file start_32.cif (mmCIF, N, CA, C and O atoms)
data_query
loop_
_atom_site.label_atom_id
_atom_site.label_comp_id
_atom_site.auth_asym_id
_atom_site.auth_seq_id
_atom_site.Cartn_x
_atom_site.Cartn_y
_atom_site.Cartn_z
N MET A 1 -4.91 18.22 -13.30
CA MET A 1 -3.66 18.20 -14.03
C MET A 1 -4.00 18.19 -15.53
O MET A 1 -4.76 17.37 -15.99
N ASP A 2 -3.40 19.12 -16.24
CA ASP A 2 -3.73 19.22 -17.66
C ASP A 2 -3.00 18.15 -18.48
O ASP A 2 -1.93 17.67 -18.11
N GLY A 3 -3.61 17.79 -19.59
CA GLY A 3 -3.09 16.72 -20.43
C GLY A 3 -1.72 17.02 -21.00
O GLY A 3 -0.89 16.12 -21.13
N GLN A 4 -1.47 18.27 -21.36
CA GLN A 4 -0.18 18.65 -21.94
C GLN A 4 0.95 18.40 -20.93
O GLN A 4 2.00 17.88 -21.29
N PHE A 5 0.71 18.75 -19.67
CA PHE A 5 1.72 18.53 -18.64
C PHE A 5 1.99 17.04 -18.46
O PHE A 5 3.14 16.61 -18.39
N LEU A 6 0.94 16.25 -18.41
CA LEU A 6 1.10 14.81 -18.23
C LEU A 6 1.84 14.18 -19.42
O LEU A 6 2.66 13.28 -19.23
N MET A 7 1.59 14.68 -20.62
CA MET A 7 2.31 14.19 -21.80
C MET A 7 3.80 14.54 -21.68
O MET A 7 4.65 13.73 -22.03
N GLU A 8 4.09 15.74 -21.18
CA GLU A 8 5.48 16.15 -20.98
C GLU A 8 6.18 15.22 -19.98
O GLU A 8 7.32 14.79 -20.21
N ILE A 9 5.51 14.90 -18.89
CA ILE A 9 6.07 14.00 -17.89
C ILE A 9 6.30 12.61 -18.48
O ILE A 9 7.36 12.00 -18.28
N MET A 10 5.34 12.12 -19.24
CA MET A 10 5.49 10.81 -19.88
C MET A 10 6.67 10.81 -20.84
O MET A 10 7.44 9.85 -20.89
N ASP A 11 6.82 11.89 -21.59
CA ASP A 11 7.92 12.00 -22.55
C ASP A 11 9.27 11.98 -21.84
O ASP A 11 10.19 11.26 -22.26
N ILE A 12 9.38 12.73 -20.76
CA ILE A 12 10.63 12.75 -20.00
C ILE A 12 10.91 11.37 -19.40
O ILE A 12 12.05 10.90 -19.43
N ASN A 13 9.89 10.72 -18.87
CA ASN A 13 10.07 9.37 -18.31
C ASN A 13 10.51 8.37 -19.39
O ASN A 13 11.34 7.50 -19.12
N GLU A 14 9.97 8.50 -20.60
CA GLU A 14 10.38 7.63 -21.69
C GLU A 14 11.85 7.86 -22.04
O GLU A 14 12.61 6.91 -22.23
N LYS A 15 12.23 9.13 -22.14
CA LYS A 15 13.63 9.45 -22.44
C LYS A 15 14.55 8.89 -21.36
O LYS A 15 15.62 8.38 -21.66
N LEU A 16 14.11 8.99 -20.12
CA LEU A 16 14.91 8.47 -19.01
C LEU A 16 15.05 6.95 -19.11
O LEU A 16 16.13 6.40 -18.92
N ALA A 17 13.97 6.28 -19.43
CA ALA A 17 14.01 4.82 -19.55
C ALA A 17 14.92 4.38 -20.69
O ALA A 17 15.56 3.34 -20.60
N GLU A 18 14.98 5.18 -21.75
CA GLU A 18 15.78 4.84 -22.92
C GLU A 18 17.23 5.33 -22.82
O GLU A 18 18.06 4.92 -23.64
N ALA A 19 17.53 6.18 -21.86
CA ALA A 19 18.87 6.76 -21.75
C ALA A 19 19.90 5.65 -21.50
O ALA A 19 19.75 4.86 -20.58
N GLN A 20 20.91 5.63 -22.35
CA GLN A 20 21.91 4.57 -22.26
C GLN A 20 23.28 5.06 -21.83
O GLN A 20 24.18 4.26 -21.61
N ASN A 21 23.45 6.39 -21.75
CA ASN A 21 24.77 6.89 -21.40
C ASN A 21 24.65 8.14 -20.51
O ASN A 21 23.56 8.68 -20.32
N GLU A 22 25.79 8.55 -20.00
CA GLU A 22 25.81 9.67 -19.06
C GLU A 22 25.36 10.98 -19.71
O GLU A 22 24.69 11.78 -19.09
N ALA A 23 25.72 11.16 -20.98
CA ALA A 23 25.34 12.40 -21.68
C ALA A 23 23.82 12.52 -21.78
O ALA A 23 23.26 13.60 -21.56
N ALA A 24 23.15 11.43 -22.08
CA ALA A 24 21.69 11.43 -22.17
C ALA A 24 21.07 11.72 -20.80
O ALA A 24 20.10 12.48 -20.69
N MET A 25 21.66 11.15 -19.77
CA MET A 25 21.16 11.38 -18.41
C MET A 25 21.34 12.85 -18.00
O MET A 25 20.46 13.45 -17.40
N LYS A 26 22.50 13.41 -18.36
CA LYS A 26 22.77 14.82 -18.03
C LYS A 26 21.79 15.74 -18.74
O LYS A 26 21.34 16.73 -18.17
N GLU A 27 21.46 15.41 -19.98
CA GLU A 27 20.51 16.23 -20.73
C GLU A 27 19.13 16.21 -20.06
O GLU A 27 18.50 17.25 -19.89
N ILE A 28 18.69 15.05 -19.66
CA ILE A 28 17.39 14.92 -18.98
C ILE A 28 17.44 15.66 -17.65
O ILE A 28 16.51 16.39 -17.31
N GLU A 29 18.52 15.49 -16.92
CA GLU A 29 18.67 16.17 -15.63
C GLU A 29 18.62 17.68 -15.81
O GLU A 29 18.00 18.39 -15.02
N SER A 30 19.24 18.18 -16.86
CA SER A 30 19.25 19.61 -17.14
C SER A 30 17.83 20.13 -17.42
O SER A 30 17.43 21.18 -16.92
N ILE A 31 17.08 19.36 -18.20
CA ILE A 31 15.69 19.73 -18.51
C ILE A 31 14.86 19.78 -17.23
O ILE A 31 14.10 20.73 -16.99
N VAL A 32 15.01 18.76 -16.40
CA VAL A 32 14.23 18.67 -15.16
C VAL A 32 14.59 19.82 -14.21
O VAL A 32 13.71 20.44 -13.61
N ARG A 33 15.87 20.12 -14.09
CA ARG A 33 16.29 21.22 -13.21
C ARG A 33 15.75 22.56 -13.69
O ARG A 33 15.33 23.39 -12.88
N ALA A 34 15.74 22.77 -14.99
CA ALA A 34 15.20 24.01 -15.55
C ALA A 34 13.70 24.12 -15.25
O ALA A 34 13.22 25.20 -14.88
N LYS A 35 13.00 23.02 -15.41
CA LYS A 35 11.56 23.02 -15.11
C LYS A 35 11.31 23.28 -13.62
O LYS A 35 10.41 24.03 -13.26
N GLN A 36 12.12 22.67 -12.75
CA GLN A 36 11.97 22.88 -11.31
C GLN A 36 12.21 24.35 -10.97
O GLN A 36 11.50 24.92 -10.15
N LYS A 37 13.21 24.96 -11.59
CA LYS A 37 13.50 26.38 -11.34
C LYS A 37 12.32 27.24 -11.77
O LYS A 37 11.88 28.13 -11.05
N GLU A 38 11.80 26.95 -12.94
CA GLU A 38 10.64 27.68 -13.47
C GLU A 38 9.44 27.54 -12.53
O GLU A 38 8.76 28.53 -12.21
N LEU A 39 9.19 26.33 -12.07
CA LEU A 39 8.06 26.09 -11.18
C LEU A 39 8.28 26.72 -9.80
O LEU A 39 7.33 27.23 -9.19
N THR A 40 9.53 26.73 -9.33
CA THR A 40 9.83 27.36 -8.04
C THR A 40 9.54 28.86 -8.11
O THR A 40 8.94 29.42 -7.20
N ASP A 41 9.93 29.48 -9.21
CA ASP A 41 9.64 30.91 -9.40
C ASP A 41 8.13 31.14 -9.45
O ASP A 41 7.62 32.09 -8.85
N SER A 42 7.43 30.27 -10.14
CA SER A 42 5.97 30.40 -10.27
C SER A 42 5.27 30.22 -8.94
O SER A 42 4.33 30.96 -8.62
N VAL A 43 5.70 29.26 -8.15
CA VAL A 43 5.03 29.02 -6.87
C VAL A 43 5.31 30.19 -5.92
O VAL A 43 4.42 30.58 -5.14
N SER A 44 6.48 30.77 -6.01
CA SER A 44 6.78 31.94 -5.18
C SER A 44 5.84 33.09 -5.52
O SER A 44 5.30 33.75 -4.63
N ARG A 45 5.65 33.31 -6.82
CA ARG A 45 4.74 34.38 -7.24
C ARG A 45 3.31 34.10 -6.78
O ARG A 45 2.60 34.99 -6.34
N ALA A 46 2.90 32.83 -6.89
CA ALA A 46 1.53 32.48 -6.48
C ALA A 46 1.33 32.75 -4.99
O ALA A 46 0.29 33.29 -4.59
N PHE A 47 2.32 32.40 -4.17
CA PHE A 47 2.20 32.67 -2.73
C PHE A 47 2.20 34.17 -2.45
O PHE A 47 1.45 34.64 -1.59
N GLU A 48 3.03 34.91 -3.16
CA GLU A 48 3.07 36.37 -2.97
C GLU A 48 1.72 37.01 -3.29
O GLU A 48 1.34 38.01 -2.70
N GLN A 49 1.01 36.42 -4.25
CA GLN A 49 -0.30 36.94 -4.66
C GLN A 49 -1.45 36.29 -3.90
O GLN A 49 -2.62 36.51 -4.23
N ASP A 50 -1.12 35.49 -2.89
CA ASP A 50 -2.13 34.77 -2.11
C ASP A 50 -3.03 33.88 -2.97
O ASP A 50 -4.19 33.66 -2.64
N ASP A 51 -2.49 33.38 -4.07
CA ASP A 51 -3.22 32.48 -4.95
C ASP A 51 -2.86 31.05 -4.57
O ASP A 51 -2.04 30.39 -5.20
N PHE A 52 -3.48 30.59 -3.49
CA PHE A 52 -3.11 29.30 -2.92
C PHE A 52 -3.53 28.12 -3.79
O PHE A 52 -2.88 27.07 -3.78
N GLU A 53 -4.61 28.28 -4.54
CA GLU A 53 -5.05 27.21 -5.44
C GLU A 53 -4.00 27.00 -6.54
O GLU A 53 -3.66 25.87 -6.87
N LYS A 54 -3.50 28.10 -7.09
CA LYS A 54 -2.45 28.03 -8.11
C LYS A 54 -1.18 27.44 -7.51
O LYS A 54 -0.52 26.61 -8.13
N ALA A 55 -0.83 27.85 -6.30
CA ALA A 55 0.36 27.33 -5.62
C ALA A 55 0.24 25.82 -5.43
O ALA A 55 1.21 25.08 -5.66
N LYS A 56 -0.93 25.36 -5.06
CA LYS A 56 -1.16 23.93 -4.86
C LYS A 56 -0.95 23.16 -6.16
O LYS A 56 -0.31 22.11 -6.19
N GLU A 57 -1.47 23.71 -7.25
CA GLU A 57 -1.31 23.08 -8.57
C GLU A 57 0.17 23.01 -8.96
O GLU A 57 0.64 21.98 -9.45
N ILE A 58 0.90 24.09 -8.73
CA ILE A 58 2.32 24.13 -9.08
C ILE A 58 3.11 23.15 -8.21
O ILE A 58 3.99 22.45 -8.72
N LEU A 59 2.80 23.09 -6.94
CA LEU A 59 3.50 22.16 -6.04
C LEU A 59 3.27 20.71 -6.47
O LEU A 59 4.18 19.87 -6.36
N THR A 60 2.10 20.41 -6.97
CA THR A 60 1.81 19.07 -7.47
C THR A 60 2.70 18.76 -8.67
O THR A 60 3.27 17.67 -8.77
N LYS A 61 2.84 19.74 -9.57
CA LYS A 61 3.72 19.56 -10.73
C LYS A 61 5.16 19.37 -10.28
O LYS A 61 5.89 18.54 -10.83
N MET A 62 5.56 20.12 -9.27
CA MET A 62 6.93 20.01 -8.76
C MET A 62 7.20 18.61 -8.23
O MET A 62 8.30 18.09 -8.35
N ARG A 63 6.19 18.00 -7.63
CA ARG A 63 6.33 16.65 -7.10
C ARG A 63 6.63 15.66 -8.23
O ARG A 63 7.45 14.76 -8.07
N TYR A 64 5.97 15.83 -9.37
CA TYR A 64 6.25 14.96 -10.51
C TYR A 64 7.71 15.07 -10.93
O TYR A 64 8.37 14.07 -11.18
N PHE A 65 8.22 16.31 -11.02
CA PHE A 65 9.61 16.50 -11.43
C PHE A 65 10.57 16.01 -10.35
O PHE A 65 11.64 15.49 -10.66
N SER A 66 10.19 16.13 -9.10
CA SER A 66 11.02 15.61 -8.01
C SER A 66 11.14 14.09 -8.12
O SER A 66 12.21 13.53 -7.90
N ASN A 67 10.04 13.44 -8.47
CA ASN A 67 10.07 11.99 -8.65
C ASN A 67 11.00 11.60 -9.80
O ASN A 67 11.72 10.60 -9.71
N ILE A 68 11.00 12.39 -10.87
CA ILE A 68 11.90 12.11 -11.99
C ILE A 68 13.35 12.31 -11.54
O ILE A 68 14.22 11.50 -11.90
N GLU A 69 13.61 13.34 -10.77
CA GLU A 69 14.96 13.56 -10.24
C GLU A 69 15.43 12.35 -9.43
O GLU A 69 16.58 11.93 -9.53
N GLU A 70 14.54 11.81 -8.65
CA GLU A 70 14.88 10.62 -7.85
C GLU A 70 15.20 9.43 -8.75
O GLU A 70 16.14 8.68 -8.49
N LYS A 71 14.43 9.26 -9.82
CA LYS A 71 14.69 8.18 -10.76
C LYS A 71 16.06 8.35 -11.43
O LYS A 71 16.77 7.38 -11.67
N ILE A 72 16.41 9.60 -11.72
CA ILE A 72 17.71 9.88 -12.34
C ILE A 72 18.82 9.48 -11.37
O ILE A 72 19.79 8.81 -11.76
N LYS A 73 18.68 9.85 -10.11
CA LYS A 73 19.68 9.49 -9.11
C LYS A 73 19.82 7.97 -9.00
O LYS A 73 20.92 7.45 -8.93
N LEU A 74 18.71 7.28 -8.96
CA LEU A 74 18.75 5.82 -8.83
C LEU A 74 19.38 5.16 -10.06
O LEU A 74 20.06 4.15 -9.93
N LYS A 75 19.18 5.76 -11.21
CA LYS A 75 19.73 5.19 -12.44
C LYS A 75 21.22 5.49 -12.59
O LYS A 75 21.95 4.68 -13.15
N THR A 76 21.68 6.63 -12.06
CA THR A 76 23.08 7.01 -12.23
C THR A 76 23.97 6.47 -11.13
O THR A 76 25.16 6.33 -11.32
N ILE A 77 23.40 6.18 -9.96
CA ILE A 77 24.20 5.67 -8.85
C ILE A 77 23.90 4.19 -8.68
O ILE A 77 22.84 3.81 -8.21
N PRO A 78 24.85 3.34 -9.07
CA PRO A 78 24.63 1.90 -8.92
C PRO A 78 24.56 1.50 -7.44
O PRO A 78 25.27 2.05 -6.62
N LEU A 79 23.70 0.56 -7.17
CA LEU A 79 23.53 0.10 -5.78
C LEU A 79 24.53 -0.96 -5.42
O LEU A 79 25.03 -1.69 -6.17
#
call {"tool": "encode", "arguments": {"input": "start_32.cif", "output": "structure tokens"}}
result
Amino acid sequence: MDGQFLMEIMDINEKLAEAQNEAAMKEIESIVRAKQKELTDSVSRAFEQDDFEKAKEILTKMRYFSNIEEKIKLKTIPL
């Protein structure tokens, strides 16, 4: 996992932790969804090209964003 990607994940997690209102949460959710779409397109291309190592790397990144999506859901839906 490259350092730039991990810094991006840390930055998004920080923004999520600091988000105090629905607008801030929606902005973070929008960023995460855009990244997931981008990664989904990339993983599809990697599989089409039989580049399984690249697909594995992309799927790992997708898992990070999926975890952030789960945190957003937990933060927006009171228990």
call {"tool": "closest_residue", "arguments": {"input": "start_32.cif", "among": "A:Ile77, A:Ile58, A:Leu39, A:Ala46", "to": "A:Met25", "atoms": "only C-alpha atoms"}}
result
A:Ile77
call {"tool": "closest_residue", "arguments": {"input": "start_32.cif", "among": "A:Leu16, A:Met1, A:Thr40, A:Asp11", "to": "A:Leu74", "atoms": "only C-alpha atoms"}}
result
A:Leu16
call {"tool": "atom_distance", "arguments": {"input": "start_32.cif", "atom1": "atom C of A:Ile68", "atom2": "atom N of A:Gln20"}}
result
14.8 Å
call {"tool": "resolve_selection", "arguments": {"input": "start_32.cif", "expression": "the PyMOL selection byres (((chain A and resi 32-38 and name CA) around 9) and name CA)", "output": "ChimeraX atom specification"}}
result
/A:12,27-31,39-43,61-62,65-66,68-69
call {"tool": "write_last_selection", "arguments": {"input": "start_32.cif", "atoms": "N, CA, C and O atoms", "output": "CSV table (one decimal), keeping the file's coordinate frame"}}
result
chain,number,residue,atom,x,y,z
A,12,ILE,N,9.4,12.7,-20.8
A,12,ILE,CA,10.6,12.8,-20.0
A,12,ILE,C,10.9,11.4,-19.4
A,12,ILE,O,12.0,10.9,-19.4
A,27,GLU,N,21.5,15.4,-20.0
A,27,GLU,CA,20.5,16.2,-20.7
A,27,GLU,C,19.1,16.2,-20.1
A,27,GLU,O,18.5,17.2,-19.9
A,28,ILE,N,18.7,15.0,-19.7
A,28,ILE,CA,17.4,14.9,-19.0
A,28,ILE,C,17.4,15.7,-17.6
A,28,ILE,O,16.5,16.4,-17.3
A,29,GLU,N,18.5,15.5,-16.9
A,29,GLU,CA,18.7,16.2,-15.6
A,29,GLU,C,18.6,17.7,-15.8
A,29,GLU,O,18.0,18.4,-15.0
A,30,SER,N,19.2,18.2,-16.9
A,30,SER,CA,19.2,19.6,-17.1
A,30,SER,C,17.8,20.1,-17.4
A,30,SER,O,17.4,21.2,-16.9
A,31,ILE,N,17.1,19.4,-18.2
A,31,ILE,CA,15.7,19.7,-18.5
A,31,ILE,C,14.9,19.8,-17.2
A,31,ILE,O,14.1,20.7,-17.0
A,39,LEU,N,9.2,26.3,-12.1
A,39,LEU,CA,8.1,26.1,-11.2
A,39,LEU,C,8.3,26.7,-9.8
A,39,LEU,O,7.3,27.2,-9.2
A,40,THR,N,9.5,26.7,-9.3
A,40,THR,CA,9.8,27.4,-8.0
A,40,THR,C,9.5,28.9,-8.1
A,40,THR,O,8.9,29.4,-7.2
A,41,ASP,N,9.9,29.5,-9.2
A,41,ASP,CA,9.6,30.9,-9.4
A,41,ASP,C,8.1,31.1,-9.4
A,41,ASP,O,7.6,32.1,-8.8
A,42,SER,N,7.4,30.3,-10.1
A,42,SER,CA,6.0,30.4,-10.3
A,42,SER,C,5.3,30.2,-8.9
A,42,SER,O,4.3,31.0,-8.6
A,43,VAL,N,5.7,29.3,-8.2
A,43,VAL,CA,5.0,29.0,-6.9
A,43,VAL,C,5.3,30.2,-5.9
A,43,VAL,O,4.4,30.6,-5.1
A,61,LYS,N,2.8,19.7,-9.6
A,61,LYS,CA,3.7,19.6,-10.7
A,61,LYS,C,5.2,19.4,-10.3
A,61,LYS,O,5.9,18.5,-10.8
A,62,MET,N,5.6,20.1,-9.3
A,62,MET,CA,6.9,20.0,-8.8
A,62,MET,C,7.2,18.6,-8.2
A,62,MET,O,8.3,18.1,-8.4
A,65,PHE,N,8.2,16.3,-11.0
A,65,PHE,CA,9.6,16.5,-11.4
A,65,PHE,C,10.6,16.0,-10.4
A,65,PHE,O,11.6,15.5,-10.7
A,66,SER,N,10.2,16.1,-9.1
A,66,SER,CA,11.0,15.6,-8.0
A,66,SER,C,11.1,14.1,-8.1
A,66,SER,O,12.2,13.5,-7.9
A,68,ILE,N,11.0,12.4,-10.9
A,68,ILE,CA,11.9,12.1,-12.0
A,68,ILE,C,13.4,12.3,-11.5
A,68,ILE,O,14.2,11.5,-11.9
A,69,GLU,N,13.6,13.3,-10.8
A,69,GLU,CA,15.0,13.6,-10.2
A,69,GLU,C,15.4,12.4,-9.4
A,69,GLU,O,16.6,11.9,-9.5
call {"tool": "atom_distance", "arguments": {"input": "start_32.cif", "atom1": "atom O of A:Phe5", "atom2": "atom O of A:Thr60"}}
result
9.7 Å
call {"tool": "atom_distance", "arguments": {"input": "start_32.cif", "atom1": "atom CA of A:Arg63", "atom2": "atom N of A:Asp2"}}
result
13.6 Å
call {"tool": "closest_residue", "arguments": {"input": "start_32.cif", "among": "A:Ser44, A:Glu14, A:Gln4, A:Lys73", "to": "A:Leu59", "atoms": "only C-alpha atoms"}}
result
A:Ser44
call {"tool": "decode", "arguments": {"input": "start_32.cif", "residues": "stretch 35-67 of chain A", "atoms": "N, CA and C atoms", "output": "short mmCIF file (atom, residue, chain, number, x, y, z; two decimals), in the first residue's frame"}}
result
data_model
loop_
_atom_site.label_atom_id
_atom_site.label_comp_id
_atom_site.auth_asym_id
_atom_site.auth_seq_id
_atom_site.Cartn_x
_atom_site.Cartn_y
_atom_site.Cartn_z
N LYS A 35 -14.68 7.82 -5.12
CA LYS A 35 -13.47 6.98 -5.09
C LYS A 35 -13.83 5.51 -5.34
N GLN A 36 -14.92 5.04 -4.73
CA GLN A 36 -15.36 3.66 -4.93
C GLN A 36 -15.70 3.42 -6.40
N LYS A 37 -16.36 4.38 -7.04
CA LYS A 37 -16.70 4.24 -8.46
C LYS A 37 -15.44 4.16 -9.31
N GLU A 38 -14.50 5.03 -9.01
CA GLU A 38 -13.22 5.05 -9.73
C GLU A 38 -12.49 3.71 -9.56
N LEU A 39 -12.46 3.20 -8.34
CA LEU A 39 -11.78 1.94 -8.08
C LEU A 39 -12.52 0.76 -8.71
N THR A 40 -13.85 0.82 -8.73
CA THR A 40 -14.64 -0.25 -9.36
C THR A 40 -14.32 -0.32 -10.85
N ASP A 41 -14.24 0.84 -11.49
CA ASP A 41 -13.87 0.88 -12.91
C ASP A 41 -12.46 0.32 -13.12
N SER A 42 -11.56 0.69 -12.24
CA SER A 42 -10.17 0.23 -12.35
C SER A 42 -10.05 -1.28 -12.14
N VAL A 43 -10.77 -1.82 -11.18
CA VAL A 43 -10.68 -3.26 -10.93
C VAL A 43 -11.29 -4.03 -12.10
N SER A 44 -12.32 -3.49 -12.69
CA SER A 44 -12.91 -4.15 -13.87
C SER A 44 -11.90 -4.22 -15.01
N ARG A 45 -11.21 -3.11 -15.23
CA ARG A 45 -10.19 -3.09 -16.29
C ARG A 45 -9.06 -4.08 -15.98
N ALA A 46 -8.65 -4.13 -14.71
CA ALA A 46 -7.57 -5.04 -14.32
C ALA A 46 -7.97 -6.49 -14.58
N PHE A 47 -9.22 -6.85 -14.25
CA PHE A 47 -9.67 -8.22 -14.51
C PHE A 47 -9.77 -8.50 -16.00
N GLU A 48 -10.23 -7.52 -16.76
CA GLU A 48 -10.32 -7.70 -18.22
C GLU A 48 -8.95 -7.95 -18.84
N GLN A 49 -7.92 -7.35 -18.24
CA GLN A 49 -6.55 -7.49 -18.75
C GLN A 49 -5.80 -8.64 -18.07
N ASP A 50 -6.52 -9.42 -17.27
CA ASP A 50 -5.92 -10.54 -16.53
C ASP A 50 -4.76 -10.09 -15.63
N ASP A 51 -4.83 -8.86 -15.14
CA ASP A 51 -3.81 -8.33 -14.24
C ASP A 51 -4.32 -8.52 -12.81
N PHE A 52 -4.19 -9.75 -12.33
CA PHE A 52 -4.77 -10.11 -11.05
C PHE A 52 -4.05 -9.47 -9.86
N GLU A 53 -2.76 -9.21 -10.01
CA GLU A 53 -2.02 -8.55 -8.94
C GLU A 53 -2.54 -7.12 -8.75
N LYS A 54 -2.77 -6.43 -9.87
CA LYS A 54 -3.32 -5.07 -9.82
C LYS A 54 -4.75 -5.11 -9.24
N ALA A 55 -5.54 -6.09 -9.66
CA ALA A 55 -6.91 -6.23 -9.15
C ALA A 55 -6.89 -6.44 -7.64
N LYS A 56 -5.97 -7.24 -7.16
CA LYS A 56 -5.86 -7.49 -5.72
C LYS A 56 -5.54 -6.21 -4.97
N GLU A 57 -4.63 -5.42 -5.51
CA GLU A 57 -4.25 -4.14 -4.89
C GLU A 57 -5.46 -3.19 -4.85
N ILE A 58 -6.21 -3.13 -5.94
CA ILE A 58 -7.37 -2.25 -6.01
C ILE A 58 -8.45 -2.71 -5.04
N LEU A 59 -8.68 -4.00 -4.96
CA LEU A 59 -9.69 -4.54 -4.04
C LEU A 59 -9.33 -4.22 -2.59
N THR A 60 -8.06 -4.22 -2.28
CA THR A 60 -7.61 -3.86 -0.92
C THR A 60 -7.95 -2.40 -0.64
N LYS A 61 -7.71 -1.53 -1.63
CA LYS A 61 -8.06 -0.12 -1.47
C LYS A 61 -9.57 0.05 -1.31
N MET A 62 -10.32 -0.73 -2.06
CA MET A 62 -11.78 -0.65 -1.97
C MET A 62 -12.26 -1.02 -0.57
N ARG A 63 -11.58 -1.96 0.06
CA ARG A 63 -11.94 -2.37 1.42
C ARG A 63 -11.78 -1.21 2.40
N TYR A 64 -10.72 -0.42 2.22
CA TYR A 64 -10.53 0.75 3.09
C TYR A 64 -11.71 1.71 2.95
N PHE A 65 -12.12 1.98 1.70
CA PHE A 65 -13.23 2.90 1.48
C PHE A 65 -14.55 2.30 1.97
N SER A 66 -14.69 1.00 1.86
CA SER A 66 -15.89 0.34 2.37
C SER A 66 -15.98 0.50 3.89
N ASN A 67 -14.84 0.39 4.55
CA ASN A 67 -14.81 0.59 6.00
C ASN A 67 -15.22 2.02 6.37
#
